[in-house]
Amino acid sequence: MSDVFMNTYHRLPVVFTEGEGSWLKDARGKRYLDFGSGIAVNCLGHGYPPLVKAIADQAARFNHVCNYYQSDVSMAFAEKLVAACAGAGMEKLFLCNSGAEANEGACKIARKYSLKKYGPGRHTIVTLEGSFHGRTITTLSATGQEKFHVDFGPFTEGFLFVPPRDIAALDRTLDEKSVAGFLVEAIQGESGIIPQDAAYLEVAAKFCAERDILLMFDEIQCGIGRTGTFLACEAYKLRPDVVTLAKGMAGGVPAGAVLAGEKAAGVLQSGDHGSTFGGNPLAAAAGLVVLDTVNTPDFLAGIFRKGERIRAVIRDWNHPRVGAIRGRGLMIGVDIDAEAWPVLEAALEEGLLLLSAGPKTLRFLPPYTISDGEIDLGLEILRRVLDRF
Ligand SMILES: Cc1ncc(COP(=O)(O)O)c(C=O)c1O
């Protein structure tokens, strides 16, 4: 392990040197089954041949052109991504590099939309308590978890939090005189894989429509097919005004996007926003493979089925350490009656990579390409590990 990195992460003691499919290998040649995909990023596993080829072919052509121009590959990717989100009403996008950057873009769109239509003072963005929207100063301001706010103030003004599922609080807070946007994760990721209540979201969408407040879905963790529909909000049959994406978007190459529907697609104009690497050709080439692979009915149904299988197997254990099991598709949270981190350490020793989401919740975000045999193997390891706690 190197100590030149700033001490920002609580890391497990392993150094990876190779990957193939659902497996990673460390420097000593030990193999690990990957149930985390680098936190929902490597959605097609490691070394997926069409992805490797697309990146290599694009690298041989050109790595980058600046946004003075367009490139064939980023045009093809952008059009396909917008088409993949057209069912949710998306019409245009801005390409960037990460989730936080995508959410920054969403906040800018909401504020400018409101300013141009209603004048100053209507700039508040409302998010949920327990939400996670990123680590920049503004996306931390949008993140409704106090523990992330310690030490970094002052924050960007104009963010308010509401308790999840509390319709009265939402009604009070979504004030049409001061609020520009409501930003929400369809399934909260970092705080424990907590799906939103469908009735709550329906009312939220109605309030937003009636009060001309932009409804913005942060699909950074739950989008790109992870829950068995291309966007998680499709399962709620909602048409947001803005959607943000990142993580799995280019199968491991950094990429993010903010998409907008009819109301907001024209808000950002020349000079309003930019990003040097946004729409990078390597990311676009990789993203095209992700879209072509993931966005078919059979593939998406496979993601959903694998998720059901994982949940059913764990439920059938009736394990004394296992509590609530939540999530959809391959985005699963399992509450355990033990601290999660020692379980992650013990699983690592046994060759299984797990994630946590909160102090006592295990989080599974395996690659979509994981086989049933690999799922069974990983769950068998997990069961053995939990028996020791
Ligand atoms: C829902 C959600 N929004 C935003 C982010 C921030 O994304 P990034 O780390 O790419 O900036 C994350 C990252 O975990 C996330 O899960």
# chains A, B, ... in the order shown; residues from 1 in each chain; ligands from 1
call {"tool": "residues_around", "arguments": {"residues": "region 182-199 of chain A", "least_positions_apart": "4", "cutoff": "7 Å", "atoms": "only C-alpha atoms", "output": "PDB file with N, CA and C atoms, in the first residue's frame"}}
result
ATOM      1  N   ILE A 125     -32.943  24.785  -3.940  1.00  0.00           N
ATOM      2  CA  ILE A 125     -33.060  23.395  -4.394  1.00  0.00           C
ATOM      3  C   ILE A 125     -33.397  22.564  -3.158  1.00  0.00           C
ATOM      4  N   VAL A 126     -34.452  21.771  -3.254  1.00  0.00           N
ATOM      5  CA  VAL A 126     -34.869  20.929  -2.130  1.00  0.00           C
ATOM      6  C   VAL A 126     -34.411  19.494  -2.394  1.00  0.00           C
ATOM      7  N   THR A 127     -33.830  18.865  -1.374  1.00  0.00           N
ATOM      8  CA  THR A 127     -33.425  17.457  -1.486  1.00  0.00           C
ATOM      9  C   THR A 127     -33.891  16.732  -0.223  1.00  0.00           C
ATOM     10  N   LEU A 128     -33.626  15.423  -0.173  1.00  0.00           N
ATOM     11  CA  LEU A 128     -34.115  14.638   0.968  1.00  0.00           C
ATOM     12  C   LEU A 128     -33.068  14.495   2.058  1.00  0.00           C
ATOM     13  N   GLY A 130     -30.867  12.355   4.257  1.00  0.00           N
ATOM     14  CA  GLY A 130     -30.313  11.024   3.952  1.00  0.00           C
ATOM     15  C   GLY A 130     -29.826  10.898   2.515  1.00  0.00           C
ATOM     16  N   SER A 131     -30.023  11.948   1.720  1.00  0.00           N
ATOM     17  CA  SER A 131     -29.598  11.867   0.311  1.00  0.00           C
ATOM     18  C   SER A 131     -28.082  11.973   0.195  1.00  0.00           C
ATOM     19  N   PHE A 132     -27.564  11.572  -0.960  1.00  0.00           N
ATOM     20  CA  PHE A 132     -26.146  11.786  -1.276  1.00  0.00           C
ATOM     21  C   PHE A 132     -26.058  12.265  -2.719  1.00  0.00           C
ATOM     22  N   ARG A 165     -40.672  10.626   2.567  1.00  0.00           N
ATOM     23  CA  ARG A 165     -42.042  10.100   2.766  1.00  0.00           C
ATOM     24  C   ARG A 165     -42.976  11.050   3.509  1.00  0.00           C
ATOM     25  N   VAL A 203     -46.794  12.230  -5.705  1.00  0.00           N
ATOM     26  CA  VAL A 203     -47.252  13.525  -5.175  1.00  0.00           C
ATOM     27  C   VAL A 203     -46.173  14.590  -5.408  1.00  0.00           C
ATOM     28  N   ILE A 213     -41.719  23.779 -10.531  1.00  0.00           N
ATOM     29  CA  ILE A 213     -40.432  23.479  -9.892  1.00  0.00           C
ATOM     30  C   ILE A 213     -39.849  22.287 -10.649  1.00  0.00           C
ATOM     31  N   LEU A 214     -38.573  22.352 -11.029  1.00  0.00           N
ATOM     32  CA  LEU A 214     -38.027  21.248 -11.831  1.00  0.00           C
ATOM     33  C   LEU A 214     -37.871  19.988 -10.978  1.00  0.00           C
ATOM     34  N   LEU A 215     -38.397  18.888 -11.496  1.00  0.00           N
ATOM     35  CA  LEU A 215     -38.257  17.573 -10.849  1.00  0.00           C
ATOM     36  C   LEU A 215     -36.994  16.935 -11.408  1.00  0.00           C
ATOM     37  N   MET A 216     -36.009  16.707 -10.537  1.00  0.00           N
ATOM     38  CA  MET A 216     -34.698  16.261 -11.025  1.00  0.00           C
ATOM     39  C   MET A 216     -34.321  14.943 -10.345  1.00  0.00           C
ATOM     40  N   PHE A 217     -34.106  13.913 -11.153  1.00  0.00           N
ATOM     41  CA  PHE A 217     -33.730  12.612 -10.603  1.00  0.00           C
ATOM     42  C   PHE A 217     -32.231  12.417 -10.686  1.00  0.00           C
ATOM     43  N   ASP A 218     -31.615  12.175  -9.526  1.00  0.00           N
ATOM     44  CA  ASP A 218     -30.207  11.781  -9.479  1.00  0.00           C
ATOM     45  C   ASP A 218     -30.164  10.271  -9.675  1.00  0.00           C
ATOM     46  N   GLU A 219     -29.808   9.854 -10.900  1.00  0.00           N
ATOM     47  CA  GLU A 219     -29.757   8.424 -11.238  1.00  0.00           C
ATOM     48  C   GLU A 219     -28.305   7.980 -11.382  1.00  0.00           C
ATOM     49  N   GLN A 221     -26.271   6.493  -9.286  1.00  0.00           N
ATOM     50  CA  GLN A 221     -26.000   5.123  -8.845  1.00  0.00           C
ATOM     51  C   GLN A 221     -27.037   4.133  -9.395  1.00  0.00           C
ATOM     52  N   CYS A 222     -28.289   4.556  -9.514  1.00  0.00           N
ATOM     53  CA  CYS A 222     -29.347   3.601  -9.849  1.00  0.00           C
ATOM     54  C   CYS A 222     -29.690   3.570 -11.336  1.00  0.00           C
ATOM     55  N   ALA A 232     -34.063   4.210 -13.300  1.00  0.00           N
ATOM     56  CA  ALA A 232     -34.874   3.697 -12.191  1.00  0.00           C
ATOM     57  C   ALA A 232     -36.222   4.404 -12.126  1.00  0.00           C
ATOM     58  N   CYS A 233     -36.275   5.682 -12.557  1.00  0.00           N
ATOM     59  CA  CYS A 233     -37.541   6.425 -12.462  1.00  0.00           C
ATOM     60  C   CYS A 233     -38.600   5.861 -13.405  1.00  0.00           C
ATOM     61  N   TYR A 236     -41.285   3.984 -11.766  1.00  0.00           N
ATOM     62  CA  TYR A 236     -42.301   4.796 -11.078  1.00  0.00           C
ATOM     63  C   TYR A 236     -43.229   5.495 -12.080  1.00  0.00           C
ATOM     64  N   ARG A 326     -33.391  -4.869   0.839  1.00  0.00           N
ATOM     65  CA  ARG A 326     -34.050  -3.837   0.017  1.00  0.00           C
ATOM     66  C   ARG A 326     -33.409  -3.750  -1.365  1.00  0.00           C
ATOM     67  N   GLY A 327     -34.099  -3.032  -2.261  1.00  0.00           N
ATOM     68  CA  GLY A 327     -33.504  -2.708  -3.552  1.00  0.00           C
ATOM     69  C   GLY A 327     -34.250  -3.322  -4.708  1.00  0.00           C
ATOM     70  N   ILE A 332     -28.713  -3.738  -4.267  1.00  0.00           N
ATOM     71  CA  ILE A 332     -29.331  -4.440  -3.145  1.00  0.00           C
ATOM     72  C   ILE A 332     -28.674  -4.018  -1.838  1.00  0.00           C
ATOM     73  N   GLY A 333     -29.499  -3.757  -0.835  1.00  0.00           N
ATOM     74  CA  GLY A 333     -29.003  -3.453   0.508  1.00  0.00           C
ATOM     75  C   GLY A 333     -29.523  -4.502   1.479  1.00  0.00           C
ATOM     76  N   ALA A 357     -23.294   0.351   2.987  1.00  0.00           N
ATOM     77  CA  ALA A 357     -24.070   1.592   2.789  1.00  0.00           C
ATOM     78  C   ALA A 357     -24.632   1.948   4.148  1.00  0.00           C
ATOM     79  N   GLY A 358     -23.840   2.627   4.937  1.00  0.00           N
ATOM     80  CA  GLY A 358     -24.211   2.867   6.331  1.00  0.00           C
ATOM     81  C   GLY A 358     -23.526   1.841   7.213  1.00  0.00           C
ATOM     82  N   THR A 361     -25.262  -1.922   7.059  1.00  0.00           N
ATOM     83  CA  THR A 361     -25.922  -2.384   5.831  1.00  0.00           C
ATOM     84  C   THR A 361     -24.873  -2.820   4.816  1.00  0.00           C
TER      85      THR A 361
END
call {"tool": "atom_distance", "arguments": {"atom1": "CA of Val313 (chain A)", "atom2": "CA of Leu379 (chain A)"}}
result
8.0 Å
call {"tool": "residues_around", "arguments": {"residues": "region 86-101 of chain A", "least_positions_apart": "3", "cutoff": "7 Å", "atoms": "only C-alpha atoms", "output": "PyMOL selection string"}}
result
chain A and resi 82-83+104-105+133-136+139+220+234+238-240+245-247+254-262+265+275+277-279
call {"tool": "write_last_selection", "arguments": {"atoms": "C-alpha atoms", "output": "mmCIF file, in the first residue's frame"}}
result
data_model
loop_
_atom_site.group_PDB
_atom_site.id
_atom_site.type_symbol
_atom_site.label_atom_id
_atom_site.label_comp_id
_atom_site.auth_asym_id
_atom_site.auth_seq_id
_atom_site.Cartn_x
_atom_site.Cartn_y
_atom_site.Cartn_z
ATOM 1 C CA VAL A 82 -30.736 10.717 -25.211
ATOM 2 C CA ALA A 83 -32.725 8.073 -27.127
ATOM 3 C CA GLU A 104 -23.769 20.740 -10.355
ATOM 4 C CA GLY A 105 -25.103 21.041 -13.910
ATOM 5 C CA HIS A 133 -25.387 13.993 -4.266
ATOM 6 C CA GLY A 134 -21.595 14.394 -4.317
ATOM 7 C CA ARG A 135 -18.523 15.840 -2.629
ATOM 8 C CA THR A 136 -18.000 19.260 -4.194
ATOM 9 C CA THR A 139 -23.218 18.970 -4.108
ATOM 10 C CA ILE A 220 -26.006 8.386 -10.775
ATOM 11 C CA GLU A 234 -39.172 4.460 -15.324
ATOM 12 C CA LEU A 238 -42.543 9.419 -13.882
ATOM 13 C CA ARG A 239 -41.263 11.956 -16.391
ATOM 14 C CA PRO A 240 -38.691 14.162 -14.666
ATOM 15 C CA LEU A 245 -26.077 9.991 -14.723
ATOM 16 C CA ALA A 246 -22.461 8.887 -14.166
ATOM 17 C CA LYS A 247 -20.841 5.782 -12.593
ATOM 18 C CA PRO A 254 -15.001 8.431 -16.158
ATOM 19 C CA ALA A 255 -18.198 9.947 -17.586
ATOM 20 C CA GLY A 256 -21.275 11.811 -16.438
ATOM 21 C CA ALA A 257 -24.291 13.479 -17.992
ATOM 22 C CA VAL A 258 -27.086 15.841 -17.179
ATOM 23 C CA LEU A 259 -30.151 15.333 -19.358
ATOM 24 C CA ALA A 260 -33.173 17.582 -19.640
ATOM 25 C CA GLY A 261 -36.696 17.277 -20.979
ATOM 26 C CA GLU A 262 -38.903 19.774 -22.809
ATOM 27 C CA ALA A 265 -33.528 21.364 -22.473
ATOM 28 C CA SER A 275 -16.130 20.897 -19.079
ATOM 29 C CA PHE A 277 -13.193 16.414 -20.735
ATOM 30 C CA GLY A 278 -16.995 16.347 -21.175
ATOM 31 C CA GLY A 279 -17.897 14.079 -24.089
#
call {"tool": "residues_around", "arguments": {"residues": "region 55-58 of chain A", "least_positions_apart": "2", "cutoff": "10 Å", "atoms": "only C-alpha atoms", "output": "PDB file with N, CA and C atoms, in the first residue's frame"}}
result
ATOM      1  N   PRO A  50     -15.684  -6.424 -25.968  1.00  0.00           N
ATOM      2  CA  PRO A  50     -16.089  -5.319 -26.863  1.00  0.00           C
ATOM      3  C   PRO A  50     -15.725  -3.936 -26.303  1.00  0.00           C
ATOM      4  N   LEU A  51     -15.729  -3.822 -24.960  1.00  0.00           N
ATOM      5  CA  LEU A  51     -15.381  -2.536 -24.334  1.00  0.00           C
ATOM      6  C   LEU A  51     -13.885  -2.263 -24.507  1.00  0.00           C
ATOM      7  N   VAL A  52     -13.086  -3.296 -24.282  1.00  0.00           N
ATOM      8  CA  VAL A  52     -11.627  -3.157 -24.435  1.00  0.00           C
ATOM      9  C   VAL A  52     -11.316  -2.746 -25.876  1.00  0.00           C
ATOM     10  N   LYS A  53     -11.974  -3.412 -26.816  1.00  0.00           N
ATOM     11  CA  LYS A  53     -11.699  -3.137 -28.236  1.00  0.00           C
ATOM     12  C   LYS A  53     -12.116  -1.706 -28.601  1.00  0.00           C
ATOM     13  N   ALA A  60      -6.520   4.627 -30.693  1.00  0.00           N
ATOM     14  CA  ALA A  60      -5.674   4.636 -31.887  1.00  0.00           C
ATOM     15  C   ALA A  60      -6.098   5.726 -32.873  1.00  0.00           C
ATOM     16  N   ARG A  61      -7.353   6.176 -32.758  1.00  0.00           N
ATOM     17  CA  ARG A  61      -7.822   7.244 -33.663  1.00  0.00           C
ATOM     18  C   ARG A  61      -7.496   8.611 -33.063  1.00  0.00           C
ATOM     19  N   PHE A  62      -8.119   8.971 -31.948  1.00  0.00           N
ATOM     20  CA  PHE A  62      -7.780  10.183 -31.193  1.00  0.00           C
ATOM     21  C   PHE A  62      -8.427  10.074 -29.819  1.00  0.00           C
ATOM     22  N   ASN A  63      -7.738  10.625 -28.809  1.00  0.00           N
ATOM     23  CA  ASN A  63      -8.242  10.535 -27.434  1.00  0.00           C
ATOM     24  C   ASN A  63      -9.181  11.662 -27.082  1.00  0.00           C
ATOM     25  N   HIS A  64      -8.968  12.799 -27.722  1.00  0.00           N
ATOM     26  CA  HIS A  64      -9.672  13.985 -27.231  1.00  0.00           C
ATOM     27  C   HIS A  64      -9.773  15.023 -28.335  1.00  0.00           C
ATOM     28  N   VAL A  73     -17.710  10.074 -32.624  1.00  0.00           N
ATOM     29  CA  VAL A  73     -18.017   9.109 -31.574  1.00  0.00           C
ATOM     30  C   VAL A  73     -18.832   9.748 -30.447  1.00  0.00           C
ATOM     31  N   VAL A 253     -14.786   3.965 -17.582  1.00  0.00           N
ATOM     32  CA  VAL A 253     -14.127   5.199 -18.019  1.00  0.00           C
ATOM     33  C   VAL A 253     -14.922   6.355 -17.408  1.00  0.00           C
ATOM     34  N   PRO A 281     -13.843  11.400 -26.221  1.00  0.00           N
ATOM     35  CA  PRO A 281     -14.053  10.300 -27.171  1.00  0.00           C
ATOM     36  C   PRO A 281     -13.802   8.902 -26.598  1.00  0.00           C
ATOM     37  N   LEU A 282     -12.837   8.751 -25.684  1.00  0.00           N
ATOM     38  CA  LEU A 282     -12.617   7.420 -25.090  1.00  0.00           C
ATOM     39  C   LEU A 282     -13.835   7.010 -24.268  1.00  0.00           C
ATOM     40  N   ALA A 283     -14.337   7.972 -23.469  1.00  0.00           N
ATOM     41  CA  ALA A 283     -15.522   7.692 -22.660  1.00  0.00           C
ATOM     42  C   ALA A 283     -16.724   7.434 -23.569  1.00  0.00           C
ATOM     43  N   ALA A 284     -16.829   8.195 -24.637  1.00  0.00           N
ATOM     44  CA  ALA A 284     -17.970   8.026 -25.549  1.00  0.00           C
ATOM     45  C   ALA A 284     -17.919   6.657 -26.236  1.00  0.00           C
ATOM     46  N   ALA A 285     -16.715   6.236 -26.643  1.00  0.00           N
ATOM     47  CA  ALA A 285     -16.589   4.924 -27.297  1.00  0.00           C
ATOM     48  C   ALA A 285     -16.981   3.821 -26.321  1.00  0.00           C
ATOM     49  N   ALA A 286     -16.530   3.957 -25.073  1.00  0.00           N
ATOM     50  CA  ALA A 286     -16.882   2.959 -24.056  1.00  0.00           C
ATOM     51  C   ALA A 286     -18.383   3.022 -23.759  1.00  0.00           C
ATOM     52  N   GLY A 287     -18.913   4.244 -23.679  1.00  0.00           N
ATOM     53  CA  GLY A 287     -20.333   4.422 -23.371  1.00  0.00           C
ATOM     54  C   GLY A 287     -21.230   3.818 -24.445  1.00  0.00           C
ATOM     55  N   VAL A 289     -20.621   1.132 -26.112  1.00  0.00           N
ATOM     56  CA  VAL A 289     -20.681  -0.320 -25.862  1.00  0.00           C
ATOM     57  C   VAL A 289     -21.640  -0.603 -24.705  1.00  0.00           C
TER      58      VAL A 289
END
call {"tool": "atom_distance", "arguments": {"atom1": "CA of Phe299 (chain A)", "atom2": "CA of Thr227 (chain A)"}}
result
11.5 Å
call {"tool": "select_by_dssp", "arguments": {"residues": "region 94-291 of chain A", "states": "helix (DSSP H, G or I)", "output": "JSON, numbers by chain"}}
result
{"A": [99, 100, 101, 102, 103, 104, 105, 106, 107, 108, 109, 110, 111, 112, 113, 114, 115, 116, 117, 118, 137, 138, 139, 140, 141, 142, 146, 147, 148, 167, 168, 169, 170, 171, 172, 173, 198, 199, 200, 201, 202, 203, 204, 205, 206, 207, 208, 209, 210, 211, 232, 233, 234, 235, 236, 247, 248, 249, 250, 281, 282, 283, 284, 285, 286, 287, 288, 289, 290, 291]}
call {"tool": "select_by_dssp", "arguments": {"residues": "region 17-220 of chain A", "states": "strand (DSSP E)", "output": "PyMOL selection string"}}
result
chain A and resi 17-20+23-26+31-34+90-96+124-128+159-162+179-185+187-188+194-195+214-218
call {"tool": "write_last_selection", "arguments": {"atoms": "N, CA and C atoms", "output": "short mmCIF file (atom, residue, chain, number, x, y, z; two decimals), in the first residue's frame"}}
result
data_model
loop_
_atom_site.label_atom_id
_atom_site.label_comp_id
_atom_site.auth_asym_id
_atom_site.auth_seq_id
_atom_site.Cartn_x
_atom_site.Cartn_y
_atom_site.Cartn_z
N THR A 17 -4.16 -5.93 -9.32
CA THR A 17 -3.26 -5.80 -10.48
C THR A 17 -3.91 -6.28 -11.78
N GLU A 18 -5.00 -7.06 -11.68
CA GLU A 18 -5.64 -7.57 -12.90
C GLU A 18 -7.13 -7.80 -12.68
N GLY A 19 -7.88 -7.80 -13.77
CA GLY A 19 -9.30 -8.13 -13.64
C GLY A 19 -9.78 -8.88 -14.86
N GLU A 20 -10.76 -9.77 -14.64
CA GLU A 20 -11.38 -10.45 -15.77
C GLU A 20 -12.81 -10.83 -15.40
N TRP A 23 -14.17 -10.96 -11.75
CA TRP A 23 -13.06 -11.27 -10.85
C TRP A 23 -11.96 -10.22 -10.91
N LEU A 24 -11.33 -9.97 -9.75
CA LEU A 24 -10.11 -9.17 -9.69
C LEU A 24 -9.02 -10.03 -9.07
N LYS A 25 -7.77 -9.71 -9.41
CA LYS A 25 -6.64 -10.46 -8.86
C LYS A 25 -5.71 -9.49 -8.17
N ASP A 26 -5.15 -9.87 -7.00
CA ASP A 26 -4.21 -8.98 -6.32
C ASP A 26 -2.78 -9.30 -6.73
N ARG A 31 -7.47 -14.43 -6.12
CA ARG A 31 -8.64 -13.96 -6.88
C ARG A 31 -9.77 -13.54 -5.95
N TYR A 32 -10.51 -12.51 -6.37
CA TYR A 32 -11.62 -11.98 -5.58
C TYR A 32 -12.84 -11.84 -6.48
N LEU A 33 -13.97 -12.32 -6.01
CA LEU A 33 -15.22 -12.17 -6.75
C LEU A 33 -15.80 -10.79 -6.42
N ASP A 34 -16.12 -10.04 -7.47
CA ASP A 34 -16.45 -8.62 -7.32
C ASP A 34 -17.96 -8.41 -7.22
N MET A 90 -36.55 12.77 -21.85
CA MET A 90 -35.31 13.54 -22.04
C MET A 90 -35.10 13.89 -23.51
N GLU A 91 -34.64 15.11 -23.75
CA GLU A 91 -34.47 15.59 -25.13
C GLU A 91 -33.04 16.01 -25.46
N LYS A 92 -32.32 16.56 -24.48
CA LYS A 92 -30.96 17.04 -24.73
C LYS A 92 -30.08 16.69 -23.53
N LEU A 93 -28.75 16.74 -23.75
CA LEU A 93 -27.85 16.44 -22.64
C LEU A 93 -26.62 17.34 -22.65
N PHE A 94 -25.95 17.35 -21.51
CA PHE A 94 -24.62 17.93 -21.38
C PHE A 94 -23.74 16.83 -20.83
N LEU A 95 -22.60 16.58 -21.49
CA LEU A 95 -21.72 15.49 -21.05
C LEU A 95 -20.61 16.04 -20.16
N CYS A 96 -20.35 15.31 -19.08
CA CYS A 96 -19.29 15.71 -18.14
C CYS A 96 -18.56 14.46 -17.67
N THR A 124 -33.94 28.16 -4.55
CA THR A 124 -33.70 27.05 -3.61
C THR A 124 -33.86 25.69 -4.30
N ILE A 125 -32.94 24.78 -3.94
CA ILE A 125 -33.06 23.39 -4.39
C ILE A 125 -33.40 22.56 -3.16
N VAL A 126 -34.45 21.77 -3.25
CA VAL A 126 -34.87 20.93 -2.13
C VAL A 126 -34.41 19.49 -2.39
N THR A 127 -33.83 18.87 -1.37
CA THR A 127 -33.43 17.46 -1.49
C THR A 127 -33.89 16.73 -0.22
N LEU A 128 -33.63 15.42 -0.17
CA LEU A 128 -34.12 14.64 0.97
C LEU A 128 -33.07 14.49 2.06
N PHE A 159 -30.10 25.60 -0.22
CA PHE A 159 -30.50 24.19 -0.23
C PHE A 159 -31.31 23.90 1.02
N LEU A 160 -32.39 23.16 0.86
CA LEU A 160 -33.22 22.76 2.00
C LEU A 160 -33.46 21.25 1.93
N PHE A 161 -33.57 20.62 3.10
CA PHE A 161 -33.80 19.17 3.15
C PHE A 161 -35.17 18.88 3.72
N VAL A 162 -35.80 17.83 3.19
CA VAL A 162 -37.09 17.40 3.76
C VAL A 162 -36.98 15.92 4.14
N VAL A 179 -38.57 28.19 -4.53
CA VAL A 179 -37.90 26.92 -4.90
C VAL A 179 -37.82 26.77 -6.42
N ALA A 180 -36.61 26.38 -6.87
CA ALA A 180 -36.38 26.18 -8.30
C ALA A 180 -36.41 24.71 -8.68
N GLY A 181 -35.96 23.82 -7.77
CA GLY A 181 -35.87 22.41 -8.15
C GLY A 181 -35.97 21.48 -6.96
N PHE A 182 -36.41 20.25 -7.25
CA PHE A 182 -36.44 19.17 -6.25
C PHE A 182 -35.57 18.05 -6.81
N LEU A 183 -34.49 17.74 -6.09
CA LEU A 183 -33.50 16.74 -6.56
C LEU A 183 -33.63 15.50 -5.70
N VAL A 184 -33.81 14.34 -6.34
CA VAL A 184 -34.11 13.13 -5.56
C VAL A 184 -33.50 11.90 -6.22
N GLU A 185 -32.97 11.00 -5.38
CA GLU A 185 -32.51 9.68 -5.87
C GLU A 185 -33.72 8.74 -5.89
N ILE A 187 -33.65 5.58 -5.90
CA ILE A 187 -33.28 4.67 -4.82
C ILE A 187 -32.06 5.29 -4.15
N GLN A 188 -32.19 5.66 -2.87
CA GLN A 188 -31.04 6.26 -2.19
C GLN A 188 -29.95 5.20 -2.06
N ILE A 194 -32.27 2.62 -0.29
CA ILE A 194 -33.64 2.86 0.17
C ILE A 194 -34.49 3.36 -0.99
N PRO A 195 -35.34 2.48 -1.55
CA PRO A 195 -36.20 2.91 -2.66
C PRO A 195 -37.21 3.95 -2.16
N LEU A 214 -38.57 22.35 -11.03
CA LEU A 214 -38.03 21.25 -11.83
C LEU A 214 -37.87 19.99 -10.98
N LEU A 215 -38.40 18.89 -11.50
CA LEU A 215 -38.26 17.57 -10.85
C LEU A 215 -36.99 16.94 -11.41
N MET A 216 -36.01 16.71 -10.54
CA MET A 216 -34.70 16.26 -11.03
C MET A 216 -34.32 14.94 -10.34
N PHE A 217 -34.11 13.91 -11.15
CA PHE A 217 -33.73 12.61 -10.60
C PHE A 217 -32.23 12.42 -10.69
N ASP A 218 -31.62 12.17 -9.53
CA ASP A 218 -30.21 11.78 -9.48
C ASP A 218 -30.16 10.27 -9.67
#
call {"tool": "closest_residue", "arguments": {"among": "A:Ala209, A:Val15, A:Met75, A:Met331", "to": "ligand 1", "atoms": "only C-alpha atoms and all ligand atoms"}}
result
A:Met331
call {"tool": "residues_around", "arguments": {"residues": "Val41 (chain A)", "least_positions_apart": "4", "cutoff": "8 Å", "atoms": "only C-alpha atoms", "output": "list in words"}}
result
Ser37, Lys247, Gly248, Met249, Ala250, Gly251 and Gly252 of chain A
call {"tool": "atom_distance", "arguments": {"atom1": "CA of Leu365 (chain A)", "atom2": "CA of Gly302 (chain A)"}}
result
14.4 Å
call {"tool": "closest_residue", "arguments": {"among": "A:Asp298, A:Leu352, A:Phe304, A:Asn103", "to": "ligand 1", "atoms": "only C-alpha atoms and all ligand atoms"}}
result
A:Asn103
call {"tool": "closest_residue", "arguments": {"among": "A:Gly45, A:Arg28, A:Ala102, A:Tyr113", "to": "Leu268 (chain A)", "atoms": "only C-alpha atoms"}}
result
A:Tyr113
call {"tool": "residues_around", "arguments": {"residues": "Ile381 (chain A)", "least_positions_apart": "2", "cutoff": "9 Å", "atoms": "only C-alpha atoms", "output": "NGL selection string"}}
result
:A and (347 or 350-352 or 376-379 or 383-386)
call {"tool": "decode", "arguments": {"residues": "region 59-70 of chain A", "atoms": "N, CA and C atoms", "output": "CSV table (one decimal), in the first residue's frame"}}
result
chain,number,residue,atom,x,y,z
A,59,ALA,N,-8.6,5.0,-29.0
A,59,ALA,CA,-7.3,5.5,-28.6
A,59,ALA,C,-6.4,5.6,-29.8
A,60,ALA,N,-6.5,4.6,-30.7
A,60,ALA,CA,-5.7,4.6,-31.9
A,60,ALA,C,-6.1,5.7,-32.9
A,61,ARG,N,-7.4,6.2,-32.8
A,61,ARG,CA,-7.8,7.2,-33.7
A,61,ARG,C,-7.5,8.6,-33.1
A,62,PHE,N,-8.1,9.0,-31.9
A,62,PHE,CA,-7.8,10.2,-31.2
A,62,PHE,C,-8.4,10.1,-29.8
A,63,ASN,N,-7.7,10.6,-28.8
A,63,ASN,CA,-8.2,10.5,-27.4
A,63,ASN,C,-9.2,11.7,-27.1
A,64,HIS,N,-9.0,12.8,-27.7
A,64,HIS,CA,-9.7,14.0,-27.2
A,64,HIS,C,-9.8,15.0,-28.3
A,65,VAL,N,-10.9,15.7,-28.4
A,65,VAL,CA,-11.0,17.0,-29.1
A,65,VAL,C,-11.7,17.9,-28.2
A,66,CYS,N,-11.4,19.2,-28.3
A,66,CYS,CA,-12.0,20.1,-27.3
A,66,CYS,C,-13.4,20.4,-27.8
A,67,ASN,N,-14.2,21.0,-26.9
A,67,ASN,CA,-15.6,21.3,-27.2
A,67,ASN,C,-15.8,22.5,-28.1
A,68,TYR,N,-14.7,22.9,-28.8
A,68,TYR,CA,-14.9,23.9,-30.0
A,68,TYR,C,-15.6,23.1,-31.1
A,69,TYR,N,-15.4,21.8,-31.1
A,69,TYR,CA,-15.9,20.9,-32.2
A,69,TYR,C,-16.7,19.8,-31.7
A,70,GLN,N,-17.3,19.0,-32.6
A,70,GLN,CA,-17.9,17.7,-32.2
A,70,GLN,C,-17.0,16.6,-32.8
